[in-house]
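Peer 1: Below you will find the structure I want to go over with you.
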Amino acid sequence: MEGCWRGILATLVVLAGLAVSGSSYQIIEGPKNATVLVGWEARFNCTVSQGWRLIMWALNSTVVLSVTPKEPIITNNRFTSESYEEGSNFVSEMIIHDVQFSDAGQIKCSLQNSDREGSAFLSVQVVGKLSIPNNSLVVTEDEPCNVTCHAVGWTPLPALSWEVGVPASHSSCYSVPEPDDLQSAVSVLTLTPQGNGTLTCVATMKGLQVPESVTVNLTVLPSPLGDIDESGTSLPTWAIVLLAVSFSLLLILIIVLIIIFCCCCVSGREKKESDYQSEIRKSANVKTNKETLETKLKNGNENYGYRSDEPKTTKAASLPPKSNESSVPEERSSGHPHQACLVCSSI
């Protein structure tokens, strides 16, 4: 019975010794999360106390590197180790060279004969391509236009933004992932340019120290006047007022010219009619004077002839005189008018 108790006591002493020796070294600080790009290096540190015998590094539950107090045990050249002394503690650093996208996952640092471990997570990012379809764009002034930027093959998708280096009355943008490609996105910039300049599409990610960018030149052409109505834009207020005043003055000038032309036509017609009437009157007067002169000459000849040759004249002269009222119808009935009476009537 006594021997049995002695065996139990010895076992307890051994177990206690093992526990004391195992707890004499531990992980003080484990690795921290890291985010790197494909092709870069990833570094993880694990700080342990003195007395350790073996440090093991595992990636996604697979041991890829072991470190002893004398030297590291390297099984893959992409996984190497460096060691530092930090006071009384020991720092083991694992370096992953040429990081691959498949390296993303959990990183663990553990000690032999110890249940304690430190863990971190490795995030691997892929920088894809950034492009704008045209290297040089030509647009019309004061007309809205869209410029697209494509990010292809990025993991995770970057944050896309624009640097507008042109004068513009309005600008806005939005970004959406491509529906058929989870590693691609597109950003659309909408602006109303008013001058030449450059447009830059910028892609940023957490692990990307220097943002990726692509720049295009924007050439702005003046808007033709004839296309103002078609494009839906309008002239400035001062231009509209100037055009209205110009058209009004032009209309007034046309009306004045029409009035002057009409007045000139009427005046010329009246002058022609007046000259024509004057000519008619003059011709009539000349004709009348000529007939009067001929009548006088003829009348004189008849008086001398009647007095010398015809005896009827003497007989007519011996008759008593008649009144003017009876003489006129007599002359009309005889068929030989009295020229003196015609002269008097003309006067």
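All residue names refer to the structure tokens as shown: chains lettered A, B, ... in order, residues numbered from 1 in each chain, ligands numbered from 1 in order.
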Kindly provide the residues of range 177-239 of chain A that approach range 149-160 of chain A to within 8 Å, each paired with its closest atom pair and their distance in Å to one decimal, based on only C-alpha atoms, listed by chain and increasing number, as JSON lines.
Peer 2:
{"residue": "A:Pro177", "atom": "CA", "partner": "A:Leu157", "partner_atom": "CA", "distance": 7.9}
{"residue": "A:Gln183", "atom": "CA", "partner": "A:Gly153", "partner_atom": "CA", "distance": 4.9}
{"residue": "A:Ser184", "atom": "CA", "partner": "A:Val152", "partner_atom": "CA", "distance": 4.3}
{"residue": "A:Ala185", "atom": "CA", "partner": "A:Ala151", "partner_atom": "CA", "distance": 5.2}
{"residue": "A:Val186", "atom": "CA", "partner": "A:His150", "partner_atom": "CA", "distance": 4.6}
{"residue": "A:Ser187", "atom": "CA", "partner": "A:Cys149", "partner_atom": "CA", "distance": 5.1}
{"residue": "A:Val188", "atom": "CA", "partner": "A:Cys149", "partner_atom": "CA", "distance": 6.5}
{"residue": "A:Cys201", "atom": "CA", "partner": "A:Cys149", "partner_atom": "CA", "distance": 6.5}
{"residue": "A:Val202", "atom": "CA", "partner": "A:Leu160", "partner_atom": "CA", "distance": 5.6}
{"residue": "A:Ala203", "atom": "CA", "partner": "A:Leu160", "partner_atom": "CA", "distance": 4.7}
{"residue": "A:Thr204", "atom": "CA", "partner": "A:Ala159", "partner_atom": "CA", "distance": 5.3}
{"residue": "A:Met205", "atom": "CA", "partner": "A:Pro158", "partner_atom": "CA", "distance": 5.3}
Peer 1: Could you save those same residues with all heavy atoms as a short mmCIF file (atom, residue, chain, number, x, y, z; two decimals), in the first residue's frame?
Peer 2:
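Heads up, here's the output in out_37.cif:
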data_model
loop_
_atom_site.label_atom_id
_atom_site.label_comp_id
_atom_site.auth_asym_id
_atom_site.auth_seq_id
_atom_site.Cartn_x
_atom_site.Cartn_y
_atom_site.Cartn_z
N PRO A 177 -19.47 47.21 -60.99
CA PRO A 177 -18.75 46.00 -61.43
C PRO A 177 -19.36 45.43 -62.70
O PRO A 177 -20.56 45.59 -62.96
CB PRO A 177 -18.92 45.04 -60.24
CG PRO A 177 -20.17 45.50 -59.56
CD PRO A 177 -20.25 46.98 -59.76
N GLN A 183 -13.93 40.25 -61.44
CA GLN A 183 -12.64 40.92 -61.26
C GLN A 183 -12.52 42.18 -62.13
O GLN A 183 -11.42 42.70 -62.28
CB GLN A 183 -11.50 39.96 -61.61
CG GLN A 183 -11.41 38.78 -60.66
CD GLN A 183 -10.24 37.86 -61.00
OE1 GLN A 183 -9.73 37.86 -62.11
NE2 GLN A 183 -9.81 37.07 -60.02
N SER A 184 -13.62 42.65 -62.68
CA SER A 184 -13.59 43.83 -63.55
C SER A 184 -14.67 44.81 -63.14
O SER A 184 -15.71 44.44 -62.60
CB SER A 184 -13.77 43.43 -65.02
OG SER A 184 -12.74 42.54 -65.43
N ALA A 185 -14.39 46.09 -63.41
CA ALA A 185 -15.34 47.16 -63.11
C ALA A 185 -15.19 48.25 -64.16
O ALA A 185 -14.19 48.32 -64.88
CB ALA A 185 -15.11 47.73 -61.71
N VAL A 186 -16.20 49.11 -64.25
CA VAL A 186 -16.18 50.22 -65.20
C VAL A 186 -16.64 51.48 -64.47
O VAL A 186 -17.55 51.44 -63.64
CB VAL A 186 -17.08 49.93 -66.43
CG1 VAL A 186 -18.52 49.70 -66.00
CG2 VAL A 186 -16.98 51.05 -67.44
N SER A 187 -15.98 52.59 -64.79
CA SER A 187 -16.34 53.88 -64.24
C SER A 187 -16.69 54.82 -65.39
O SER A 187 -15.95 54.89 -66.39
CB SER A 187 -15.19 54.47 -63.42
OG SER A 187 -15.55 55.74 -62.89
N VAL A 188 -17.80 55.54 -65.26
CA VAL A 188 -18.29 56.43 -66.31
C VAL A 188 -18.26 57.87 -65.78
O VAL A 188 -18.85 58.17 -64.74
CB VAL A 188 -19.71 56.06 -66.75
CG1 VAL A 188 -20.20 57.01 -67.84
CG2 VAL A 188 -19.75 54.62 -67.24
N CYS A 201 -8.04 58.73 -64.98
CA CYS A 201 -8.77 57.72 -64.21
C CYS A 201 -7.79 57.10 -63.21
O CYS A 201 -6.70 56.65 -63.59
CB CYS A 201 -9.33 56.65 -65.14
SG CYS A 201 -10.24 55.32 -64.29
N VAL A 202 -8.17 57.07 -61.92
CA VAL A 202 -7.28 56.63 -60.84
C VAL A 202 -7.90 55.43 -60.14
O VAL A 202 -9.10 55.43 -59.79
CB VAL A 202 -7.04 57.76 -59.83
CG1 VAL A 202 -6.08 57.30 -58.74
CG2 VAL A 202 -6.48 58.99 -60.54
N ALA A 203 -7.07 54.38 -59.92
CA ALA A 203 -7.50 53.17 -59.20
C ALA A 203 -6.68 53.03 -57.94
O ALA A 203 -5.44 53.07 -57.99
CB ALA A 203 -7.35 51.94 -60.09
N THR A 204 -7.35 52.86 -56.80
CA THR A 204 -6.66 52.72 -55.51
C THR A 204 -7.14 51.46 -54.80
O THR A 204 -8.30 51.06 -54.92
CB THR A 204 -6.91 53.94 -54.61
OG1 THR A 204 -8.33 54.10 -54.43
CG2 THR A 204 -6.34 55.20 -55.24
N MET A 205 -6.21 50.82 -54.05
CA MET A 205 -6.52 49.67 -53.21
C MET A 205 -5.74 49.80 -51.91
O MET A 205 -4.77 50.57 -51.82
CB MET A 205 -6.16 48.35 -53.91
CG MET A 205 -7.12 47.96 -55.01
SD MET A 205 -6.92 46.23 -55.53
CE MET A 205 -5.16 46.11 -55.75
#
Peer 1: Would you mind listing what lies within 8 Å of Leu191 in chain A as a PyMOL selection string, with only C-alpha atoms counted and same-chain residues fewer than 6 positions away left out?
Peer 2: chain A and resi 144-146+168-172
Peer 1: Residues of range 5-226 of chain A classed as helix (DSSP H, G or I) by DSSP on the backbone are to be reported as a list in words.
Peer 2: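 Result set for range 5-226 of chain A (helix (DSSP H, G or I)): Trp5, Arg6, Gly7, Ile8, Leu9, Ala10, Thr11, Leu12, Val13, Val14, Leu15, Ala16, Gly17, Leu18, Ala19, Val20, Ser21, Gly22, Phe101, Ser102, Asp103, Leu225 and Gly226 of chain A.
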Peer 1: As an mmCIF file with N, CA, C and O atoms, in the first residue's frame, please: the residues near Ile28 in chain A (cut-off 8 Å, only C-alpha atoms, same-chain neighbours under 4 positions excluded).
Peer 2:
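As written to disk, result_24.cif reads:
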data_model
loop_
_atom_site.group_PDB
_atom_site.id
_atom_site.type_symbol
_atom_site.label_atom_id
_atom_site.label_comp_id
_atom_site.auth_asym_id
_atom_site.auth_seq_id
_atom_site.Cartn_x
_atom_site.Cartn_y
_atom_site.Cartn_z
ATOM 1 N N CYS A 46 7.102 36.612 -35.200
ATOM 2 C CA CYS A 46 6.591 35.871 -34.044
ATOM 3 C C CYS A 46 7.617 36.005 -32.894
ATOM 4 O O CYS A 46 8.769 35.565 -33.043
ATOM 5 N N THR A 47 7.210 36.593 -31.785
ATOM 6 C CA THR A 47 8.114 36.842 -30.651
ATOM 7 C C THR A 47 7.857 35.798 -29.554
ATOM 8 O O THR A 47 6.705 35.654 -29.095
ATOM 9 N N VAL A 48 8.941 35.104 -29.147
ATOM 10 C CA VAL A 48 8.823 34.045 -28.124
ATOM 11 C C VAL A 48 9.843 34.325 -27.010
ATOM 12 O O VAL A 48 10.832 35.049 -27.205
ATOM 13 N N SER A 49 9.569 33.715 -25.881
ATOM 14 C CA SER A 49 10.480 33.860 -24.741
ATOM 15 C C SER A 49 11.635 32.871 -24.857
ATOM 16 O O SER A 49 11.608 31.944 -25.687
#
Peer 1: Can you pull out every residue from range 53-156 of chain A that DSSP, working from the backbone, puts in strand (DSSP E or B), and format the result as a ChimeraX atom specification?
Peer 2: /A:55-59,62-67,72-74,79-86,89-96,105-111,117-126,129-131,136-140,145-152,155
Peer 1: Determine, using only C-alpha atoms, which residues of range 34-67 of chain A have any atom at most 9 Å from an atom of range 87-100 of chain A, and tabulate each with its shortest atom pair and distance in Å to one decimal place, rows ordered by chain and then rising number, as CSV.
Peer 2:
residue,atom,partner,partner_atom,distance
A:Val36,CA,A:Val99,CA,7.8
A:Leu37,CA,A:Val99,CA,7.3
A:Val38,CA,A:Val99,CA,5.3
A:Gly39,CA,A:Asp98,CA,4.2
A:Trp40,CA,A:Asp98,CA,5.3
A:Glu41,CA,A:His97,CA,4.8
A:Ala42,CA,A:Ile96,CA,5.1
A:Arg43,CA,A:Ile95,CA,4.7
A:Phe44,CA,A:Met94,CA,5.3
A:Asn45,CA,A:Glu93,CA,4.3
A:Cys46,CA,A:Ser92,CA,5.2
A:Thr47,CA,A:Val91,CA,4.4
A:Val48,CA,A:Phe90,CA,5.4
A:Ser49,CA,A:Asn89,CA,4.8
A:Gln50,CA,A:Asn89,CA,5.9
A:Ile55,CA,A:Ser92,CA,8.1
A:Trp57,CA,A:Met94,CA,7.6
A:Leu65,CA,A:Met94,CA,7.8
A:Val67,CA,A:Ser92,CA,7.9
Peer 1: Find the residue from A:Leu242, A:Ile259, A:Ile132, A:Cys173 that sits nearest to Ser213 in chain A; use only C-alpha atoms when measuring.
Peer 2: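 Checking each of A:Leu242, A:Ile259, A:Ile132, A:Cys173 against Ser213 in chain A, counting only C-alpha atoms, the winner is A:Ile132.
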Peer 1: Find the residue from A:Lys70, A:Lys108, A:Lys32, A:Arg78 that sits nearest to Ala58 in chain A; use only C-alpha atoms when measuring.
Peer 2: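 Counting only C-alpha atoms, the residue closest to Ala58 in chain A is A:Lys108.
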Peer 1: Report as a list in words all protein, DNA and RNA residues lying within 8 Å of Ser114 in chain A, evaluated on only C-alpha atoms, omitting residues in the same chain fewer than 3 positions from it.
Peer 2: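 Close residues of Ser114 in chain A: Gly22, Gln26, Ser110, Leu111 and Glu117 of chain A.
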Peer 1: Using only C-alpha atoms, find the one residue out of A:Gln106, A:Ser175, A:Thr35, A:Ser274 that sits nearest to Ala120 in chain A.
Peer 2: A:Gln106
Peer 1: Counting only C-alpha atoms, which of A:Glu29, A:Glu212, A:Glu279, A:Glu163 gets nearest to Gly128 in chain A?
Peer 2: A:Glu212
Peer 1: For Val220 in chain A, which of A:Gln125, A:Asn196, A:Ser81, A:Asn113 is the closest residue, counting only C-alpha atoms?
Peer 2: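 Closest residue, counting only C-alpha atoms: A:Asn196.
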